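Engineer: Input file: data-v3.txt. Contents: compact mmCIF, C-alpha atoms.
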```
# COMPACT_ATOMS: atom_id res chain seq x y z
CA MET A 1 31.45 -64.62 -11.99
CA SER A 2 32.83 -67.08 -14.52
CA LYS A 3 32.87 -66.41 -18.23
CA ILE A 4 29.86 -68.63 -18.91
CA ASP A 5 27.83 -67.02 -16.11
CA LEU A 6 28.25 -63.55 -17.57
CA SER A 7 27.67 -64.68 -21.14
CA VAL A 8 24.40 -66.34 -20.13
CA MET A 9 23.41 -62.99 -18.58
CA GLY A 10 23.89 -61.22 -21.90
CA ILE A 11 27.46 -59.89 -21.59
CA SER A 12 29.76 -60.17 -24.61
CA ASP A 13 33.13 -61.92 -24.55
CA LYS A 14 34.84 -58.57 -25.15
CA LEU A 15 33.41 -57.08 -21.97
CA ILE A 16 34.09 -60.26 -19.98
CA TYR A 17 37.78 -60.14 -20.87
CA MET A 18 37.92 -56.40 -20.15
CA ALA A 19 36.36 -57.02 -16.73
CA GLU A 20 38.99 -59.64 -15.85
CA ASP A 21 41.84 -57.29 -16.75
CA ILE A 22 40.28 -54.39 -14.85
CA GLU A 23 39.77 -56.42 -11.68
CA ASN A 24 43.38 -57.59 -11.78
CA SER A 25 44.52 -53.97 -12.02
CA LEU A 26 42.34 -52.91 -9.07
CA LYS A 27 43.37 -55.53 -6.49
CA GLU A 28 45.40 -53.06 -4.41
CA ARG A 29 42.62 -50.43 -4.44
CA PHE A 30 40.06 -53.03 -3.39
CA TYR A 31 42.31 -54.24 -0.55
CA LYS A 32 42.49 -50.70 0.85
CA ILE A 33 38.70 -50.40 0.70
CA ASP A 34 38.40 -53.68 2.61
CA LYS A 35 40.65 -52.34 5.36
CA GLN A 36 38.61 -49.13 5.58
CA GLU A 37 35.46 -51.24 5.83
CA GLU A 38 36.91 -53.04 8.85
CA ILE A 39 37.65 -49.74 10.58
CA ASN A 40 34.14 -48.41 9.93
CA GLU A 41 32.50 -51.65 11.04
CA LEU A 42 34.31 -51.38 14.36
CA ARG A 43 33.13 -47.76 14.69
CA VAL A 44 29.53 -48.83 14.23
CA LEU A 45 29.91 -51.83 16.51
CA LYS A 46 31.47 -49.78 19.30
CA ALA A 47 28.65 -47.21 19.14
CA MET A 48 26.11 -50.03 19.51
CA GLN A 49 27.97 -51.71 22.35
CA ASP A 50 28.65 -48.47 24.23
CA ASN A 51 24.90 -47.77 24.22
CA LYS A 52 24.08 -51.32 25.38
CA LEU A 53 21.84 -52.10 22.43
CA SER A 54 19.51 -54.95 23.34
CA GLU A 55 16.64 -56.91 21.84
CA GLY A 56 14.23 -54.87 23.93
CA HIS A 57 15.12 -51.79 21.89
CA PHE A 58 13.50 -53.37 18.80
CA ALA A 59 9.99 -53.07 20.27
CA SER A 60 7.50 -50.98 18.31
CA THR A 61 5.51 -47.98 19.49
CA THR A 62 2.38 -46.33 18.09
CA GLY A 63 0.48 -43.12 18.63
CA TYR A 64 2.55 -40.43 20.27
CA GLY A 65 5.54 -42.71 20.77
CA TYR A 66 6.29 -41.41 24.25
CA ASN A 67 9.19 -43.08 26.06
CA ASP A 68 10.32 -45.04 23.01
CA ILE A 69 13.62 -46.46 24.29
CA GLY A 70 14.51 -47.95 20.89
CA ARG A 71 14.17 -44.59 19.16
CA ASP A 72 16.27 -42.96 21.87
CA VAL A 73 19.07 -45.52 21.71
CA LEU A 74 19.12 -45.33 17.90
CA GLU A 75 19.74 -41.60 18.15
CA ASP A 76 22.38 -42.11 20.84
CA ILE A 77 24.19 -44.57 18.56
CA TYR A 78 24.20 -42.00 15.75
CA LYS A 79 25.39 -39.37 18.21
CA ASN A 80 28.34 -41.57 19.21
CA LEU A 81 29.14 -42.61 15.64
CA PHE A 82 29.33 -38.98 14.50
CA ASN A 83 30.91 -37.65 17.73
CA THR A 84 28.20 -35.04 18.20
CA GLU A 85 26.13 -33.61 21.05
CA ALA A 86 22.78 -34.75 19.68
CA ALA A 87 21.06 -36.64 16.86
CA LEU A 88 17.65 -36.71 15.21
CA VAL A 89 17.08 -40.00 13.32
CA ARG A 90 13.49 -40.45 12.23
CA GLN A 91 11.43 -42.31 9.66
CA GLN A 92 9.17 -39.23 9.67
CA ILE A 93 11.95 -37.52 7.68
CA THR A 94 10.96 -38.70 4.23
CA CYS A 95 14.20 -38.21 2.26
CA GLY A 96 17.50 -36.35 2.13
CA THR A 97 15.90 -33.25 0.62
CA HIS A 98 13.39 -33.20 3.48
CA ALA A 99 16.21 -33.52 6.03
CA LEU A 100 18.06 -30.58 4.47
CA ASN A 101 14.93 -28.44 4.35
CA LEU A 102 14.20 -29.32 7.97
CA ALA A 103 17.70 -28.35 9.11
CA LEU A 104 17.59 -25.05 7.20
CA SER A 105 14.06 -23.95 8.05
CA ALA A 106 14.55 -24.86 11.72
CA ASN A 107 17.68 -22.79 12.15
CA LEU A 108 17.05 -19.77 9.91
CA ARG A 109 14.75 -16.84 10.64
CA PRO A 110 13.36 -13.98 8.54
CA GLY A 111 16.16 -11.53 7.76
CA ASP A 112 18.88 -14.19 7.89
CA GLU A 113 21.00 -15.08 4.90
CA LEU A 114 21.99 -18.55 3.71
CA LEU A 115 25.42 -18.93 2.07
CA SER A 116 26.60 -21.72 -0.20
CA PRO A 117 30.41 -21.39 -0.45
CA VAL A 118 30.71 -24.35 -2.84
CA GLY A 119 28.56 -23.12 -5.73
CA LYS A 120 24.98 -24.04 -6.56
CA PRO A 121 23.57 -26.92 -4.50
CA TYR A 122 21.80 -29.98 -5.88
CA ASP A 123 18.74 -29.33 -8.05
CA THR A 124 16.15 -30.28 -5.42
CA MET A 125 17.47 -27.46 -3.22
CA ASP A 126 16.41 -24.83 -5.77
CA GLU A 127 12.81 -24.66 -4.62
CA ILE A 128 13.76 -24.91 -0.94
CA ILE A 129 15.99 -21.86 -1.26
CA GLY A 130 13.75 -20.03 -3.71
CA ILE A 131 16.13 -20.06 -6.69
CA ARG A 132 13.08 -21.46 -8.46
CA GLU A 133 9.78 -20.16 -7.13
CA SER A 134 7.91 -22.57 -4.89
CA LYS A 135 5.37 -22.39 -2.10
CA GLY A 136 6.97 -22.44 1.33
CA SER A 137 10.49 -21.63 0.16
CA LEU A 138 13.00 -19.90 2.42
CA LYS A 139 12.70 -16.89 0.14
CA GLU A 140 8.98 -16.64 0.94
CA TYR A 141 9.91 -16.36 4.61
CA GLY A 142 12.32 -13.49 4.02
CA ILE A 143 15.53 -15.54 4.08
CA SER A 144 18.00 -14.42 1.45
CA TYR A 145 20.55 -16.54 -0.37
CA ARG A 146 24.07 -15.96 -1.62
CA GLN A 147 26.51 -18.34 -3.27
CA VAL A 148 30.20 -18.32 -4.11
CA ASP A 149 31.19 -20.54 -6.99
CA LEU A 150 34.26 -22.74 -6.89
CA LEU A 151 37.28 -21.59 -8.86
CA GLU A 152 37.90 -23.10 -12.28
CA ASN A 153 40.37 -25.59 -10.80
CA GLY A 154 37.78 -26.75 -8.24
CA ASP A 155 39.33 -24.95 -5.26
CA PHE A 156 37.37 -22.80 -2.83
CA ASP A 157 37.24 -19.10 -3.68
CA TYR A 158 38.41 -17.94 -0.26
CA ASP A 159 38.48 -14.27 -1.24
CA GLY A 160 34.96 -14.51 -2.60
CA ILE A 161 33.72 -16.31 0.51
CA LYS A 162 35.25 -13.69 2.78
CA ALA A 163 33.58 -10.92 0.78
CA ALA A 164 30.21 -12.73 0.83
CA ILE A 165 30.01 -13.19 4.60
CA ASN A 166 28.17 -10.27 6.18
CA GLU A 167 26.11 -9.35 9.24
CA LYS A 168 23.10 -11.30 7.89
CA THR A 169 25.01 -14.53 7.21
CA LYS A 170 23.52 -17.10 9.59
CA LEU A 171 24.17 -20.48 8.02
CA ALA A 172 26.56 -21.94 5.44
CA THR A 173 25.44 -25.03 3.53
CA ILE A 174 28.24 -27.23 2.23
CA GLN A 175 27.35 -29.99 -0.20
CA ARG A 176 29.89 -32.78 0.05
CA SER A 177 28.92 -34.72 -3.07
CA ARG A 178 28.92 -33.48 -6.65
CA GLY A 179 25.15 -33.52 -7.25
CA TYR A 180 24.30 -33.16 -10.95
CA SER A 181 27.68 -31.64 -11.75
CA THR A 182 31.17 -32.88 -12.47
CA ARG A 183 32.96 -30.85 -9.81
CA PRO A 184 35.07 -32.91 -7.37
CA THR A 185 33.42 -34.37 -4.30
CA LEU A 186 34.79 -32.69 -1.19
CA SER A 187 36.98 -34.66 1.19
CA VAL A 188 36.38 -34.44 4.93
CA GLU A 189 39.74 -32.69 5.25
CA GLU A 190 38.74 -30.04 2.69
CA ILE A 191 35.41 -29.52 4.44
CA GLY A 192 37.23 -29.00 7.74
CA LYS A 193 39.47 -26.33 6.23
CA LEU A 194 36.47 -24.52 4.74
CA ILE A 195 34.58 -24.57 8.05
CA SER A 196 37.62 -23.24 9.92
CA PHE A 197 37.96 -20.42 7.39
CA ILE A 198 34.29 -19.44 7.64
CA LYS A 199 34.35 -19.43 11.44
CA SER A 200 37.56 -17.41 11.49
CA ILE A 201 35.60 -14.63 9.77
CA LYS A 202 32.32 -15.03 11.68
CA PRO A 203 32.42 -17.61 14.50
CA ASP A 204 28.66 -17.84 15.01
CA VAL A 205 27.89 -18.97 11.44
CA ILE A 206 26.22 -22.39 11.55
CA CYS A 207 28.02 -24.74 9.17
CA MET A 208 25.80 -27.50 7.78
CA VAL A 209 27.11 -30.32 5.58
CA ASP A 210 24.95 -32.25 3.14
CA ASN A 211 26.60 -35.62 3.73
CA CYS A 212 24.53 -37.68 1.29
CA TYR A 213 26.52 -40.48 -0.41
CA GLY A 214 29.62 -39.74 1.70
CA GLU A 215 28.93 -41.59 4.95
CA LEU A 216 31.43 -44.31 5.93
CA VAL A 217 33.59 -43.69 2.87
CA ASP A 218 36.32 -42.24 5.09
CA GLU A 219 37.21 -42.84 8.70
CA LEU A 220 36.11 -39.32 9.66
CA GLU A 221 32.81 -37.55 9.09
CA PRO A 222 32.21 -33.77 8.67
CA SER A 223 31.11 -33.60 12.31
CA ASP A 224 34.67 -34.59 13.27
CA VAL A 225 36.07 -31.47 11.59
CA GLY A 226 33.74 -28.77 12.90
CA ALA A 227 30.37 -29.15 11.17
CA ASP A 228 27.55 -27.89 13.39
CA MET A 229 25.04 -30.06 11.54
CA THR A 230 25.61 -33.10 9.33
CA VAL A 231 22.59 -34.21 7.30
CA GLY A 232 21.69 -37.24 5.20
CA SER A 233 19.22 -39.86 4.04
CA LEU A 234 18.71 -43.36 5.43
CA ILE A 235 17.95 -44.88 2.02
CA LYS A 236 21.49 -44.07 1.00
CA ASN A 237 24.70 -45.19 2.73
CA LEU A 238 23.70 -45.48 6.38
CA GLY A 239 20.55 -47.50 5.74
CA GLY A 240 22.65 -50.40 4.47
CA GLY A 241 19.93 -51.29 1.96
CA LEU A 242 17.47 -52.19 4.72
CA ALA A 243 16.10 -48.85 5.95
CA PRO A 244 12.68 -48.40 4.30
CA ILE A 245 12.63 -44.61 4.78
CA GLY A 246 14.15 -41.92 6.94
CA GLY A 247 16.75 -39.24 7.40
CA TYR A 248 19.18 -38.04 10.02
CA ILE A 249 20.55 -34.76 11.36
CA VAL A 250 23.42 -34.86 13.86
CA GLY A 251 25.32 -32.01 15.45
CA LYS A 252 25.22 -29.33 18.13
CA LYS A 253 22.47 -29.77 20.70
CA GLU A 254 20.89 -26.36 20.08
CA CYS A 255 20.71 -26.96 16.31
CA ILE A 256 19.21 -30.43 16.71
CA GLU A 257 16.62 -29.22 19.21
CA GLN A 258 15.50 -26.60 16.70
CA CYS A 259 15.16 -29.34 14.08
CA ALA A 260 13.11 -31.54 16.42
CA TYR A 261 10.71 -28.70 17.21
CA ARG A 262 10.26 -27.99 13.51
CA LEU A 263 9.77 -31.68 12.65
CA THR A 264 7.05 -32.22 15.26
CA SER A 265 5.84 -29.13 17.15
CA PRO A 266 7.08 -26.46 19.54
CA GLY A 267 6.84 -27.93 23.01
CA LEU A 268 7.00 -31.54 21.76
CA GLY A 269 10.32 -31.85 19.93
CA LYS A 270 12.03 -35.25 20.19
CA GLU A 271 9.57 -36.60 22.75
CA VAL A 272 7.07 -37.79 20.14
CA GLY A 273 7.32 -39.88 17.00
CA ALA A 274 6.18 -43.50 17.01
CA THR A 275 8.60 -45.97 15.46
CA LEU A 276 5.94 -48.34 14.05
CA GLY A 277 8.33 -51.31 14.05
CA VAL A 278 11.17 -49.91 11.93
CA THR A 279 13.81 -49.47 14.67
CA HIS A 280 15.12 -53.02 14.21
CA THR A 281 15.53 -52.46 10.46
CA LEU A 282 17.25 -49.09 10.86
CA LEU A 283 19.73 -50.55 13.34
CA GLN A 284 20.47 -53.67 11.33
CA GLY A 285 20.86 -51.56 8.20
CA LEU A 286 23.37 -49.35 10.01
CA PHE A 287 25.29 -52.45 11.11
CA ASN A 288 25.45 -53.64 7.48
CA ALA A 289 26.29 -50.19 6.10
CA PRO A 290 30.13 -50.36 6.16
CA SER A 291 30.08 -53.53 4.04
CA VAL A 292 27.48 -52.15 1.63
CA VAL A 293 29.35 -48.86 1.23
CA ALA A 294 32.59 -50.74 0.52
CA SER A 295 30.84 -52.76 -2.20
CA ALA A 296 29.44 -49.59 -3.74
CA LEU A 297 32.90 -47.99 -3.73
CA LYS A 298 34.41 -50.97 -5.52
CA GLY A 299 31.62 -50.84 -8.07
CA ALA A 300 32.19 -47.13 -8.68
CA ILE A 301 35.92 -47.62 -9.27
CA PHE A 302 35.26 -50.58 -11.56
CA ALA A 303 32.77 -48.45 -13.52
CA ALA A 304 35.25 -45.60 -13.86
CA LYS A 305 37.95 -47.86 -15.25
CA LEU A 306 35.63 -49.70 -17.64
CA TYR A 307 34.19 -46.53 -19.14
CA GLU A 308 37.63 -44.92 -19.35
CA ASP A 309 38.76 -47.93 -21.36
CA LEU A 310 35.70 -47.54 -23.59
CA GLY A 311 36.75 -43.94 -24.34
CA TYR A 312 34.40 -41.97 -22.10
CA GLU A 313 35.20 -39.08 -19.79
CA VAL A 314 34.59 -40.04 -16.16
CA PHE A 315 34.43 -38.09 -12.88
CA PRO A 316 36.37 -38.91 -10.81
CA LYS A 317 38.96 -40.81 -12.82
CA ALA A 318 39.55 -44.41 -11.85
CA ASP A 319 42.89 -43.76 -10.13
CA LEU A 320 41.78 -40.82 -7.98
CA ALA A 321 40.83 -40.87 -4.30
CA ARG A 322 37.12 -41.34 -3.50
CA HIS A 323 35.04 -39.28 -1.08
CA ASP A 324 31.57 -40.58 -1.99
CA ILE A 325 30.04 -43.54 -3.82
CA ILE A 326 28.95 -41.68 -6.97
CA GLN A 327 30.54 -42.24 -10.37
CA ALA A 328 29.73 -39.78 -13.14
CA VAL A 329 30.22 -40.60 -16.83
CA ASN A 330 29.79 -38.10 -19.65
CA MET A 331 27.72 -40.14 -22.12
CA LYS A 332 28.01 -37.45 -24.85
CA THR A 333 24.46 -37.96 -26.20
CA ALA A 334 20.92 -38.43 -24.93
CA ASP A 335 20.90 -41.89 -26.52
CA GLY A 336 24.00 -42.84 -24.57
CA LEU A 337 22.54 -41.62 -21.28
CA ILE A 338 19.28 -43.49 -21.86
CA ALA A 339 21.07 -46.69 -22.91
CA PHE A 340 23.22 -46.63 -19.76
CA CYS A 341 20.14 -46.36 -17.55
CA GLU A 342 18.30 -49.05 -19.50
CA GLY A 343 21.22 -51.40 -18.89
CA ILE A 344 21.23 -50.70 -15.15
CA GLN A 345 17.50 -51.34 -14.98
CA ALA A 346 17.88 -54.59 -16.93
CA ALA A 347 20.42 -55.76 -14.33
CA ALA A 348 18.07 -55.14 -11.39
CA PRO A 349 16.55 -57.84 -9.18
CA VAL A 350 13.25 -55.92 -9.13
CA ASP A 351 11.46 -54.68 -12.29
CA SER A 352 14.30 -55.78 -14.56
CA TYR A 353 11.81 -56.04 -17.43
CA VAL A 354 10.80 -52.38 -17.13
CA VAL A 355 12.26 -49.80 -19.53
CA PRO A 356 12.97 -46.47 -17.78
CA GLU A 357 11.89 -43.31 -19.55
CA PRO A 358 12.77 -39.64 -18.95
CA TRP A 359 10.05 -37.66 -17.18
CA ALA A 360 9.43 -34.31 -15.49
CA MET A 361 10.40 -35.41 -12.00
CA PRO A 362 9.35 -33.03 -9.17
CA GLY A 363 12.17 -30.79 -7.96
CA TYR A 364 14.18 -30.75 -11.22
CA ASP A 365 14.37 -28.20 -14.04
CA SER A 366 14.56 -30.73 -16.88
CA ASP A 367 13.39 -34.25 -17.66
CA VAL A 368 15.30 -36.86 -15.68
CA ILE A 369 15.80 -40.55 -16.37
CA MET A 370 16.23 -42.85 -13.39
CA ALA A 371 17.02 -46.55 -13.26
CA ALA A 372 16.38 -48.16 -9.90
CA GLY A 373 15.02 -51.68 -9.74
CA THR A 374 15.32 -51.66 -5.98
CA PHE A 375 13.85 -53.46 -2.99
CA ILE A 376 13.37 -50.06 -1.31
CA SER A 377 11.75 -47.67 -3.76
CA GLY A 378 14.29 -45.13 -4.98
CA ALA A 379 17.04 -46.32 -2.63
CA SER A 380 20.23 -45.10 -4.27
CA ILE A 381 22.48 -47.26 -2.11
CA GLU A 382 21.08 -50.06 -4.25
CA LEU A 383 22.21 -50.40 -7.87
CA SER A 384 20.91 -47.26 -9.55
CA ALA A 385 21.69 -44.60 -12.12
CA ASP A 386 20.15 -41.32 -13.14
CA GLY A 387 20.79 -38.12 -15.01
CA PRO A 388 19.10 -35.02 -16.46
CA LEU A 389 18.28 -35.06 -20.16
CA LYS A 390 20.40 -32.03 -20.98
CA GLU A 391 23.94 -31.40 -22.12
CA PRO A 392 26.51 -32.75 -21.44
CA TYR A 393 24.30 -35.83 -20.87
CA THR A 394 26.14 -37.00 -17.81
CA VAL A 395 24.92 -40.11 -16.01
CA PHE A 396 25.41 -40.58 -12.28
CA PHE A 397 25.88 -44.16 -11.17
CA GLN A 398 25.85 -45.31 -7.56
CA GLY A 399 25.14 -48.18 -5.23
CA GLY A 400 25.18 -51.96 -5.23
CA LEU A 401 24.37 -53.94 -2.10
CA ASN A 402 27.17 -56.32 -3.03
CA TYR A 403 30.09 -56.01 -5.40
CA GLY A 404 29.02 -58.91 -7.63
CA HIS A 405 25.76 -57.19 -8.48
CA ALA A 406 27.43 -53.80 -8.92
CA LYS A 407 29.94 -55.33 -11.35
CA TYR A 408 27.23 -57.07 -13.36
CA GLY A 409 25.12 -53.93 -13.49
CA ILE A 410 28.00 -51.88 -14.84
CA LEU A 411 28.79 -54.48 -17.48
CA LYS A 412 25.13 -54.64 -18.46
CA SER A 413 25.04 -50.86 -18.85
CA ALA A 414 28.13 -51.00 -21.04
CA GLN A 415 26.58 -53.76 -23.17
CA TYR A 416 23.49 -51.62 -23.74
CA VAL A 417 25.64 -48.59 -24.63
CA ILE A 418 27.76 -50.65 -27.06
CA ASP A 419 24.69 -52.12 -28.73
CA ALA A 420 22.77 -48.82 -28.95
CA VAL A 421 25.50 -46.25 -29.54
CA LEU A 422 28.99 -47.61 -30.20
```
Turn the structure described in the file into structure tokens.
Structural biologist:
Amino acid sequence: MSKIDLSVMGISDKLIYMAEDIENSLKERFYKIDKQEEINELRVLKAMQDNKLSEGHFASTTGYGYNDIGRDVLEDIYKNLFNTEAALVRQQITCGTHALNLALSANLRPGDELLSPVGKPYDTMDEIIGIRESKGSLKEYGISYRQVDLLENGDFDYDGIKAAINEKTKLATIQRSRGYSTRPTLSVEEIGKLISFIKSIKPDVICMVDNCYGELVDELEPSDVGADMTVGSLIKNLGGGLAPIGGYIVGKKECIEQCAYRLTSPGLGKEVGATLGVTHTLLQGLFNAPSVVASALKGAIFAAKLYEDLGYEVFPKADLARHDIIQAVNMKTADGLIAFCEGIQAAAPVDSYVVPEPWAMPGYDSDVIMAAGTFISGASIELSADGPLKEPYTVFFQGGLNYGHAKYGILKSAQYVIDAVL
């Protein structure tokens, strides 16, 4: 955008000049992201062509959804894209948390133990596991939980993991992204090493990866390095900003069959589930996803550099490698966190006039503020930001369907922070 465009949109000259300098310094990084986007677009395209995707697959089904060829080809495309034996891709999966709960509850039985070798999972997993009491938790069904925290330097505690694995250990859950923490996001290579280590101790442990926010960031996915199940949401990366709802689980055939029977009913599995006209949108969103993810990555790097230059601590730093689309910034105070989110909301195409407020959001242990003026409600592949109202008051920024909007949103957040705090 030109100087006058940004100034008309409420951005100060200081931030406009900073943005120009930052973009000039990031040209090489952005070029590499563009090349990765090309690779991932070809991956998606090949999966669609190999499965002979046709206009007939866009037809809608109702009721039971028997013999829905569009639903079946969608899952075959995901299976090819992730190089797995099977895939479950359904709009009946309401969100990423639901997909994770489905994968866990389908493949664990009373007396089994769940292991997290990467520390505490994301907050919404607490009630699933039973860390916080909740009806229907794994704990209620006699499934125990054990975790091994990362070392202070962020490395895996291999000795601790080895000691934690026992005869009851059935499934290891590996969260790729940082969640509401500032620990490093895990690379696919690191995930592969961890899975190999776990299976060297107990080969029959099911290794599940929470892949939310990481899809199409790298050329490989966790399923390429040994994950038995890879799980995510369709209103994040793979939905490309078009998917209205949904989640996916890809992996070993036996694991996916268990998930299908839990999602629908024993005896029915994948055979039912009407698509109600969304197949076209899910497929087109997937086709757009590499471009959208690339834009979000550029926005995250731009945000890191801008807030570094403003004197804030950022995770990861602007010059470090990226393994997901999330950028965390330690805002230091509650006022700073709130101002950041207000700026993101003010930059939105939808509900830009709304002022976000912290509230007791279900699944979290503190008030949370969320900014998401999105076309798809809560879609965090669109320009969005959120964070818990507790120390160290870290905000988590992600998304942007195109780089221009991501850039403007970040500048708008900085303008709000400067006006309210600095």
Engineer: For the atom pair CA of Ala339 (chain A) and CA of Asp351 (chain A), what is the interatomic distance in Å to one decimal place?
Structural biologist: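 A separation of 16.4 Å between them.
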Engineer: Please determine, counting all atoms listed in the file, which residue among A:Glu308, A:Glu167, A:Asp21, A:Asp123 has the shortest atom-to-atom distance to Val368 (chain A).
Structural biologist: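 Distance minimum relative to Val368 (chain A) lands on A:Asp123.
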Engineer: Env of His323 (chain A): 12 Å cut, atoms = all atoms listed in the file, seq-sep filter 3 positions within chain, self excluded. Answer as an NGL selection string.
Structural biologist: :A and (33 or 176-178 or 184-191 or 211-222 or 293-294 or 297 or 300-301 or 315-316 or 320 or 326-327)
Engineer: Here is a test: counting only C-alpha atoms, which residue of A:His280, A:Lys193, A:Arg90, A:Lys332 is nearest to Val395 (chain A)?
Structural biologist: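 Counting only C-alpha atoms, the residue closest to Val395 (chain A) is A:Lys332.
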Engineer: For region 361-367 of chain A, find every residue with an atom within 8 Å (counting all atoms listed in the file), except residues of its own chain fewer than 6 positions away, and show them as a ChimeraX atom specification.
Structural biologist: /A:123-127,388-390
Engineer: Determine, counting only C-alpha atoms, which protein, DNA and RNA residues have an atom within 9 Å of an atom of Tyr416 (chain A); residues of the same chain fewer than 6 positions away are not included. Present the result as a PyMOL selection string.
Structural biologist: chain A and resi 336+339-344
Engineer: Once you have the residues from the selection above, write them out as an mmCIF file, in the frame of the given file, restricted to C-alpha atoms.
Structural biologist:
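Just written: selection22.cif:
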```
data_model
loop_
_atom_site.group_PDB
_atom_site.id
_atom_site.type_symbol
_atom_site.label_atom_id
_atom_site.label_comp_id
_atom_site.auth_asym_id
_atom_site.auth_seq_id
_atom_site.Cartn_x
_atom_site.Cartn_y
_atom_site.Cartn_z
ATOM 1 C CA GLY A 336 24.000 -42.840 -24.570
ATOM 2 C CA ALA A 339 21.070 -46.690 -22.910
ATOM 3 C CA PHE A 340 23.220 -46.630 -19.760
ATOM 4 C CA CYS A 341 20.140 -46.360 -17.550
ATOM 5 C CA GLU A 342 18.300 -49.050 -19.500
ATOM 6 C CA GLY A 343 21.220 -51.400 -18.890
ATOM 7 C CA ILE A 344 21.230 -50.700 -15.150
#
```
Engineer: Closest to Asn288 (chain A) among A:Asp76, A:Gly373, A:Glu85, A:Leu238, using all atoms listed in the file?
Structural biologist: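 When distances to Asn288 (chain A) are compared using all atoms listed in the file, the smallest one comes from A:Leu238.
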Engineer: Just checking: using all atoms listed in the file, which residue out of A:Ile69, A:Leu306, A:Ile249, A:Ile198 ends up closest to Leu53 (chain A)?
Structural biologist: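 Of A:Ile69, A:Leu306, A:Ile249, A:Ile198, the one nearest Leu53 (chain A) is A:Ile69, counting all atoms listed in the file.
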